[in-house]
Amino acid sequence: MSRRVEFHAETWPLKEPFQISRGVRTEVTVTVAEIREGACKGRGESVPYAHYGENAESVIAALKGVEKNIELGCSRADLLGLLPAGAARNALDCALWDLEAKLAGRTAFDMSGAEAARDPNTALTIGIDTADRMAVKAALLKDCKLLKVKVDRDQVVEKIRRIREEAPSPRMIVDPNESWDFELLKQVHEDLANLRVDMLEQPLPAGKDEELQGFVSAVPLCADESCHTRADLPRLKGRYDIINIKLDKTGGLTEAIALKNQAESMGFRIMIGCMIGTSLSMAPALLLAEGAEFLDLDGPVWMERDRDGGLNIDFGAISPPSAEFWG
């Protein structure tokens with residue numbers, strides 16, 4: 001049976017500005033792929049990321065470039081050779097997973113062989129602000145299980161100390177988003193360990209990973225911008241303890257599953273992350289949640305509104321959507 005495809009971009013406002021070391025967002029633009037076959041429709045959402053040279057126009061153009069392949073029955077395995085890792089392939093790969101599940105009358109979990117995480121809890125994120133304002137936000141989140149704190153180079157230890165005073169119980173991720181250099185890392189890592197920081201995510205710019213070779217950090221280090229696909233893993237060994245798997249970096253769930261399996265076999269610990277997007281971006285990532293030490297899937301929490309029927313997130317506790325929503 002023939003397929004019909006549709007690609008479009010959507011802009012969703014955030015409930016408040018979201019600041020990381022690279023800038024501030026007040027809205028997010030996503031790209032959506034829809035594939036229809038018979039009475040079934042599969043959907044996938046991705047988030048074009050300017051840091052990786054993407055925007056909505058470039059992603060839509062890439063999707064249209066393989067439109068005929070999809071209509072003629074392109075599989076997820078075929079797709080790996082048609083598009084590079086990134087937002088375009090992610091939208092299509094996730095749409096194909098959704099379509100295949102609905103055509104087969106099964107769930108994506110069944111198709112993948114993955115087990116559902118028993119108690120999925122996402123990090124809740126505090127964006128960069130003054131120490132006082134970050135402490136106020138921390139007080140509101142003190143009962144969650146995992147905090148993620150965005151920082152730059154300014155008052156790093158002081159901000160984390162203030163946050164820890166207001167939220168003594170949650171585990172904590174600190175994420176500089178590549179804004180540090182090696183000297184700053186060496187200055188603060190022991191202080192952060194004393195403040196019970198559980199993970200330091202991508203402190204140095206991607207491409208500067210060689211500086212970490214042989215360095216013993218008091219806080220486990222996680223590769224985010226430095227890790228996209230399985231091809232990155234060999235050079236990360238001995239430099240990072242954890243990898244952050246995001247579908248928009250891997251180019252979809254198919255590569256993400258393979259990346260997780262290979263990383264675990266190499267001794268890496270696992271984090272599952274996201275760009276800020278709607279629940280349609282988050283739902284496929286839940287197939288990776290079981291066995292991951294850290295989940296960071298709070299994108300919908302930042303949205304002024306989410307898609308109907310999406311994830312419900314209550315102080316970090318995730319109630320997954322139905323299979324009708326995705327997968």
# chains A, B, ... in the order shown; residues from 1 in each chain; ligands from 1
>>> residues_around(residues="Lys41 in chain A", least_positions_apart="5", cutoff="12 Å", atoms="only C-alpha atoms", output="CSV table (one decimal) with all heavy atoms, in the first residue's frame")
chain,number,residue,atom,x,y,z
A,3,ARG,N,2.3,5.1,0.5
A,3,ARG,CA,2.4,6.0,1.6
A,3,ARG,C,2.2,7.4,1.2
A,3,ARG,O,2.6,7.8,0.0
A,3,ARG,CB,3.7,5.9,2.3
A,3,ARG,CG,4.0,4.6,3.0
A,3,ARG,CD,5.4,4.6,3.5
A,3,ARG,NE,5.7,3.4,4.3
A,3,ARG,CZ,7.0,3.1,4.7
A,3,ARG,NH1,8.0,3.9,4.4
A,3,ARG,NH2,7.2,2.1,5.5
A,4,ARG,N,1.7,8.3,2.1
A,4,ARG,CA,1.7,9.7,1.8
A,4,ARG,C,2.4,10.4,3.0
A,4,ARG,O,2.3,10.0,4.1
A,4,ARG,CB,0.2,10.2,1.7
A,4,ARG,CG,-0.5,9.7,0.5
A,4,ARG,CD,-2.0,10.1,0.6
A,4,ARG,NE,-2.7,9.3,1.6
A,4,ARG,CZ,-3.5,9.8,2.5
A,4,ARG,NH1,-3.8,11.1,2.5
A,4,ARG,NH2,-4.1,9.0,3.4
A,5,VAL,N,3.2,11.4,2.7
A,5,VAL,CA,3.9,12.1,3.7
A,5,VAL,C,3.6,13.6,3.8
A,5,VAL,O,3.2,14.1,2.8
A,5,VAL,CB,5.5,11.9,3.5
A,5,VAL,CG1,5.8,10.4,3.5
A,5,VAL,CG2,5.9,12.5,2.2
A,6,GLU,N,3.8,14.1,4.9
A,6,GLU,CA,3.7,15.6,5.1
A,6,GLU,C,4.7,16.0,6.1
A,6,GLU,O,4.9,15.4,7.1
A,6,GLU,CB,2.3,15.9,5.6
A,6,GLU,CG,2.1,17.4,5.9
A,6,GLU,CD,0.7,17.7,6.5
A,6,GLU,OE1,-0.2,16.9,6.3
A,6,GLU,OE2,0.7,18.7,7.2
A,33,ALA,N,7.2,15.3,11.1
A,33,ALA,CA,7.0,14.4,9.9
A,33,ALA,C,5.8,13.5,10.2
A,33,ALA,O,5.6,12.9,11.3
A,33,ALA,CB,8.2,13.5,9.7
A,34,GLU,N,4.9,13.4,9.2
A,34,GLU,CA,3.7,12.5,9.3
A,34,GLU,C,3.7,11.6,8.1
A,34,GLU,O,3.9,12.1,6.9
A,34,GLU,CB,2.4,13.3,9.3
A,34,GLU,CG,2.3,14.2,10.5
A,34,GLU,CD,1.0,15.0,10.6
A,34,GLU,OE1,0.2,14.9,9.5
A,34,GLU,OE2,0.7,15.6,11.6
A,35,ILE,N,3.5,10.3,8.3
A,35,ILE,CA,3.5,9.3,7.3
A,35,ILE,C,2.2,8.5,7.4
A,35,ILE,O,1.9,7.9,8.4
A,35,ILE,CB,4.7,8.3,7.4
A,35,ILE,CG1,6.0,9.1,7.5
A,35,ILE,CG2,4.8,7.4,6.1
A,35,ILE,CD1,7.2,8.2,7.8
A,36,ARG,N,1.4,8.6,6.3
A,36,ARG,CA,0.2,7.8,6.3
A,36,ARG,C,0.3,6.6,5.4
A,36,ARG,O,0.8,6.7,4.3
A,36,ARG,CB,-1.0,8.7,5.8
A,36,ARG,CG,-1.2,9.9,6.7
A,36,ARG,CD,-2.3,10.8,6.1
A,36,ARG,NE,-2.5,12.0,6.9
A,36,ARG,CZ,-3.4,12.1,7.9
A,36,ARG,NH1,-4.1,11.1,8.2
A,36,ARG,NH2,-3.5,13.3,8.6
A,94,CYS,N,11.3,8.4,13.9
A,94,CYS,CA,10.3,8.3,14.9
A,94,CYS,C,8.9,8.1,14.3
A,94,CYS,O,8.0,7.4,14.8
A,94,CYS,CB,10.3,9.5,15.9
A,94,CYS,SG,11.8,9.5,17.0
A,95,ALA,N,8.6,8.8,13.2
A,95,ALA,CA,7.4,8.6,12.5
A,95,ALA,C,7.2,7.2,11.9
A,95,ALA,O,6.2,6.6,12.0
A,95,ALA,CB,7.3,9.6,11.3
A,96,LEU,N,8.3,6.6,11.5
A,96,LEU,CA,8.3,5.2,11.0
A,96,LEU,C,8.1,4.2,12.1
A,96,LEU,O,7.3,3.3,12.0
A,96,LEU,CB,9.6,4.9,10.2
A,96,LEU,CG,9.8,5.5,8.9
A,96,LEU,CD1,11.2,5.3,8.3
A,96,LEU,CD2,8.7,4.9,7.9
A,97,TRP,N,8.7,4.5,13.3
A,97,TRP,CA,8.4,3.6,14.4
A,97,TRP,C,6.9,3.7,14.8
A,97,TRP,O,6.3,2.6,15.0
A,97,TRP,CB,9.2,4.1,15.6
A,97,TRP,CG,10.6,3.5,15.8
A,97,TRP,CD1,11.7,4.1,15.4
A,97,TRP,CD2,10.9,2.3,16.4
A,97,TRP,NE1,12.8,3.3,15.7
A,97,TRP,CE2,12.3,2.2,16.3
A,97,TRP,CE3,10.2,1.3,17.0
A,97,TRP,CZ2,13.0,1.1,16.8
A,97,TRP,CZ3,10.9,0.2,17.5
A,97,TRP,CH2,12.3,0.1,17.4
A,98,ASP,N,6.4,4.8,14.8
A,98,ASP,CA,5.0,5.0,15.2
A,98,ASP,C,4.1,4.4,14.1
A,98,ASP,O,3.1,3.6,14.5
A,98,ASP,CB,4.7,6.5,15.3
A,98,ASP,CG,3.3,6.8,15.9
A,98,ASP,OD1,2.8,6.0,16.7
A,98,ASP,OD2,2.7,7.9,15.5
A,99,LEU,N,4.4,4.6,12.9
A,99,LEU,CA,3.6,3.9,11.8
A,99,LEU,C,3.6,2.4,11.9
A,99,LEU,O,2.6,1.7,11.8
A,99,LEU,CB,4.0,4.4,10.4
A,99,LEU,CG,3.3,3.9,9.2
A,99,LEU,CD1,1.8,4.3,9.2
A,99,LEU,CD2,4.0,4.3,7.9
A,100,GLU,N,4.8,1.9,12.0
A,100,GLU,CA,5.0,0.4,12.0
A,100,GLU,C,4.2,-0.2,13.2
A,100,GLU,O,3.6,-1.2,13.0
A,100,GLU,CB,6.4,0.1,12.1
A,100,GLU,CG,7.2,0.3,10.9
A,100,GLU,CD,8.7,0.1,11.1
A,100,GLU,OE1,9.1,-0.7,11.9
A,100,GLU,OE2,9.5,0.8,10.5
A,101,ALA,N,4.3,0.5,14.3
A,101,ALA,CA,3.5,0.0,15.5
A,101,ALA,C,2.0,-0.1,15.3
A,101,ALA,O,1.3,-1.0,15.5
A,101,ALA,CB,3.9,0.8,16.7
A,102,LYS,N,1.5,1.0,14.7
A,102,LYS,CA,0.1,1.1,14.5
A,102,LYS,C,-0.4,0.1,13.4
A,102,LYS,O,-1.5,-0.5,13.5
A,102,LYS,CB,-0.3,2.6,14.1
A,102,LYS,CG,-0.2,3.5,15.3
A,102,LYS,CD,-0.5,4.9,15.0
A,102,LYS,CE,-0.7,5.8,16.3
A,102,LYS,NZ,0.5,5.8,17.2
A,103,LEU,N,0.4,0.0,12.3
A,103,LEU,CA,0.1,-1.0,11.3
A,103,LEU,C,0.1,-2.4,11.8
A,103,LEU,O,-0.7,-3.3,11.4
A,103,LEU,CB,1.1,-0.9,10.1
A,103,LEU,CG,1.0,0.3,9.2
A,103,LEU,CD1,2.1,0.4,8.3
A,103,LEU,CD2,-0.4,0.3,8.4
A,324,GLU,N,-1.8,5.5,21.5
A,324,GLU,CA,-2.4,6.2,20.4
A,324,GLU,C,-1.7,7.5,20.2
A,324,GLU,O,-1.7,8.0,19.0
A,324,GLU,CB,-3.9,6.5,20.8
A,324,GLU,CG,-4.8,5.3,20.7
A,324,GLU,CD,-4.6,4.2,21.8
A,324,GLU,OE1,-4.1,4.7,22.9
A,324,GLU,OE2,-4.8,3.1,21.6
A,325,PHE,N,-1.2,8.1,21.2
A,325,PHE,CA,-0.4,9.4,21.1
A,325,PHE,C,0.8,9.2,20.2
A,325,PHE,O,1.1,9.9,19.3
A,325,PHE,CB,-0.1,9.9,22.5
A,325,PHE,CG,0.7,11.2,22.4
A,325,PHE,CD1,0.0,12.4,22.2
A,325,PHE,CD2,2.1,11.3,22.5
A,325,PHE,CE1,0.7,13.6,22.2
A,325,PHE,CE2,2.8,12.5,22.5
A,325,PHE,CZ,2.1,13.7,22.3
A,326,TRP,N,1.6,8.2,20.6
A,326,TRP,CA,2.8,7.8,19.9
A,326,TRP,C,3.2,6.3,20.3
A,326,TRP,O,3.2,6.0,21.4
A,326,TRP,CB,4.0,8.7,20.1
A,326,TRP,CG,5.2,8.3,19.2
A,326,TRP,CD1,5.4,8.8,18.0
A,326,TRP,CD2,6.2,7.3,19.5
A,326,TRP,NE1,6.6,8.2,17.5
A,326,TRP,CE2,7.0,7.3,18.4
A,326,TRP,CE3,6.4,6.4,20.5
A,326,TRP,CZ2,8.1,6.4,18.3
A,326,TRP,CZ3,7.5,5.6,20.5
A,326,TRP,CH2,8.3,5.5,19.3
A,327,GLY,N,3.5,5.5,19.2
A,327,GLY,CA,4.0,4.2,19.5
A,327,GLY,C,3.1,3.2,20.0
A,327,GLY,O,3.5,2.2,20.6
>>> residues_around(residues="range 175-184 of chain A", least_positions_apart="6", cutoff="9 Å", atoms="only C-alpha atoms", output="list in words")
Ile20, Ser21, Arg22, Lys148, Val149, Lys150, Val151, Asp152, Arg153, Met199, Leu200, Glu201, Gln202, Pro203, Leu204, Pro205, Ala206, Lys208, Glu211, Leu212, Asp224 and Glu225 of chain A
>>> residues_around(residues="Ala91 in chain A", least_positions_apart="5", cutoff="7 Å", atoms="only C-alpha atoms", output="list of chain:residue names")
A:Val32, A:Ala33, A:Gly44, A:Glu45, A:Ser46, A:Gly252
>>> residues_around(residues="range 48-59 of chain A", least_positions_apart="2", cutoff="8 Å", atoms="only C-alpha atoms", output="number ranges by chain")
A: 9, 29-31, 46, 61-63, 87-88, 248
>>> closest_residue(among="A:Ala108, A:Ala167, A:Ala85, A:Ile272", to="Lys249 in chain A", atoms="only C-alpha atoms")
A:Ala85
>>> decode(residues="range 167-190 of chain A", atoms="N, CA, C and O atoms", output="tab-separated table (two decimals), in the first residue's frame")
chain	number	residue	atom	x	y	z
A	167	ALA	N	17.54	23.17	48.32
A	167	ALA	CA	17.08	21.85	47.85
A	167	ALA	C	18.13	20.81	48.24
A	167	ALA	O	18.92	20.36	47.41
A	168	PRO	N	18.15	20.41	49.51
A	168	PRO	CA	19.21	19.50	49.97
A	168	PRO	C	19.04	18.05	49.52
A	168	PRO	O	20.02	17.30	49.52
A	169	SER	N	17.83	17.65	49.14
A	169	SER	CA	17.58	16.22	48.91
A	169	SER	C	17.80	15.72	47.49
A	169	SER	O	18.29	14.61	47.29
A	170	PRO	N	17.41	16.47	46.43
A	170	PRO	CA	17.49	15.89	45.08
A	170	PRO	C	18.92	15.57	44.65
A	170	PRO	O	19.87	16.23	45.04
A	171	ARG	N	19.05	14.53	43.83
A	171	ARG	CA	20.29	14.37	43.08
A	171	ARG	C	20.44	15.59	42.16
A	171	ARG	O	19.46	16.25	41.83
A	172	MET	N	21.68	15.85	41.72
A	172	MET	CA	21.89	17.08	40.95
A	172	MET	C	22.85	16.87	39.78
A	172	MET	O	23.91	16.26	39.94
A	173	ILE	N	22.44	17.41	38.64
A	173	ILE	CA	23.28	17.52	37.45
A	173	ILE	C	23.64	18.99	37.27
A	173	ILE	O	22.76	19.85	37.37
A	174	VAL	N	24.89	19.28	36.99
A	174	VAL	CA	25.32	20.64	36.64
A	174	VAL	C	25.76	20.63	35.19
A	174	VAL	O	26.58	19.80	34.78
A	175	ASP	N	25.19	21.56	34.41
A	175	ASP	CA	25.42	21.57	32.95
A	175	ASP	C	25.92	22.93	32.47
A	175	ASP	O	25.14	23.86	32.30
A	176	PRO	N	27.23	23.03	32.20
A	176	PRO	CA	27.78	24.29	31.66
A	176	PRO	C	27.58	24.47	30.15
A	176	PRO	O	27.95	25.53	29.62
A	177	ASN	N	27.08	23.45	29.44
A	177	ASN	CA	26.91	23.56	27.98
A	177	ASN	C	28.17	24.07	27.28
A	177	ASN	O	28.12	25.05	26.53
A	178	GLU	N	29.31	23.43	27.56
A	178	GLU	CA	30.57	23.70	26.84
A	178	GLU	C	31.22	25.03	27.20
A	178	GLU	O	32.17	25.45	26.53
A	179	SER	N	30.76	25.72	28.23
A	179	SER	CA	31.21	27.09	28.47
A	179	SER	C	32.48	27.20	29.31
A	179	SER	O	33.01	28.30	29.47
A	180	TRP	N	32.98	26.09	29.84
A	180	TRP	CA	34.16	26.15	30.69
A	180	TRP	C	35.43	25.84	29.90
A	180	TRP	O	35.38	25.33	28.78
A	181	ASP	N	36.56	26.12	30.53
A	181	ASP	CA	37.83	25.60	30.05
A	181	ASP	C	38.38	24.65	31.11
A	181	ASP	O	37.80	24.47	32.19
A	182	PHE	N	39.50	24.00	30.79
A	182	PHE	CA	40.04	22.98	31.67
A	182	PHE	C	40.46	23.56	33.01
A	182	PHE	O	40.31	22.92	34.06
A	183	GLU	N	40.96	24.78	33.01
A	183	GLU	CA	41.40	25.40	34.26
A	183	GLU	C	40.23	25.59	35.22
A	183	GLU	O	40.35	25.34	36.43
A	184	LEU	N	39.10	26.06	34.71
A	184	LEU	CA	37.93	26.24	35.57
A	184	LEU	C	37.44	24.89	36.10
A	184	LEU	O	37.08	24.78	37.28
A	185	LEU	N	37.42	23.89	35.26
A	185	LEU	CA	37.02	22.56	35.70
A	185	LEU	C	37.88	22.09	36.87
A	185	LEU	O	37.37	21.60	37.89
A	186	LYS	N	39.20	22.26	36.74
A	186	LYS	CA	40.10	21.83	37.80
A	186	LYS	C	39.88	22.62	39.09
A	186	LYS	O	40.04	22.09	40.19
A	187	GLN	N	39.47	23.88	38.95
A	187	GLN	CA	39.25	24.72	40.13
A	187	GLN	C	38.01	24.32	40.92
A	187	GLN	O	38.00	24.44	42.16
A	188	VAL	N	36.95	23.86	40.24
A	188	VAL	CA	35.66	23.71	40.91
A	188	VAL	C	35.20	22.28	41.13
A	188	VAL	O	34.26	22.05	41.90
A	189	HIS	N	35.83	21.29	40.51
A	189	HIS	CA	35.23	19.94	40.55
A	189	HIS	C	35.16	19.37	41.96
A	189	HIS	O	34.19	18.69	42.32
A	190	GLU	N	36.14	19.64	42.80
A	190	GLU	CA	36.11	19.11	44.16
A	190	GLU	C	35.05	19.82	45.00
A	190	GLU	O	34.35	19.18	45.82
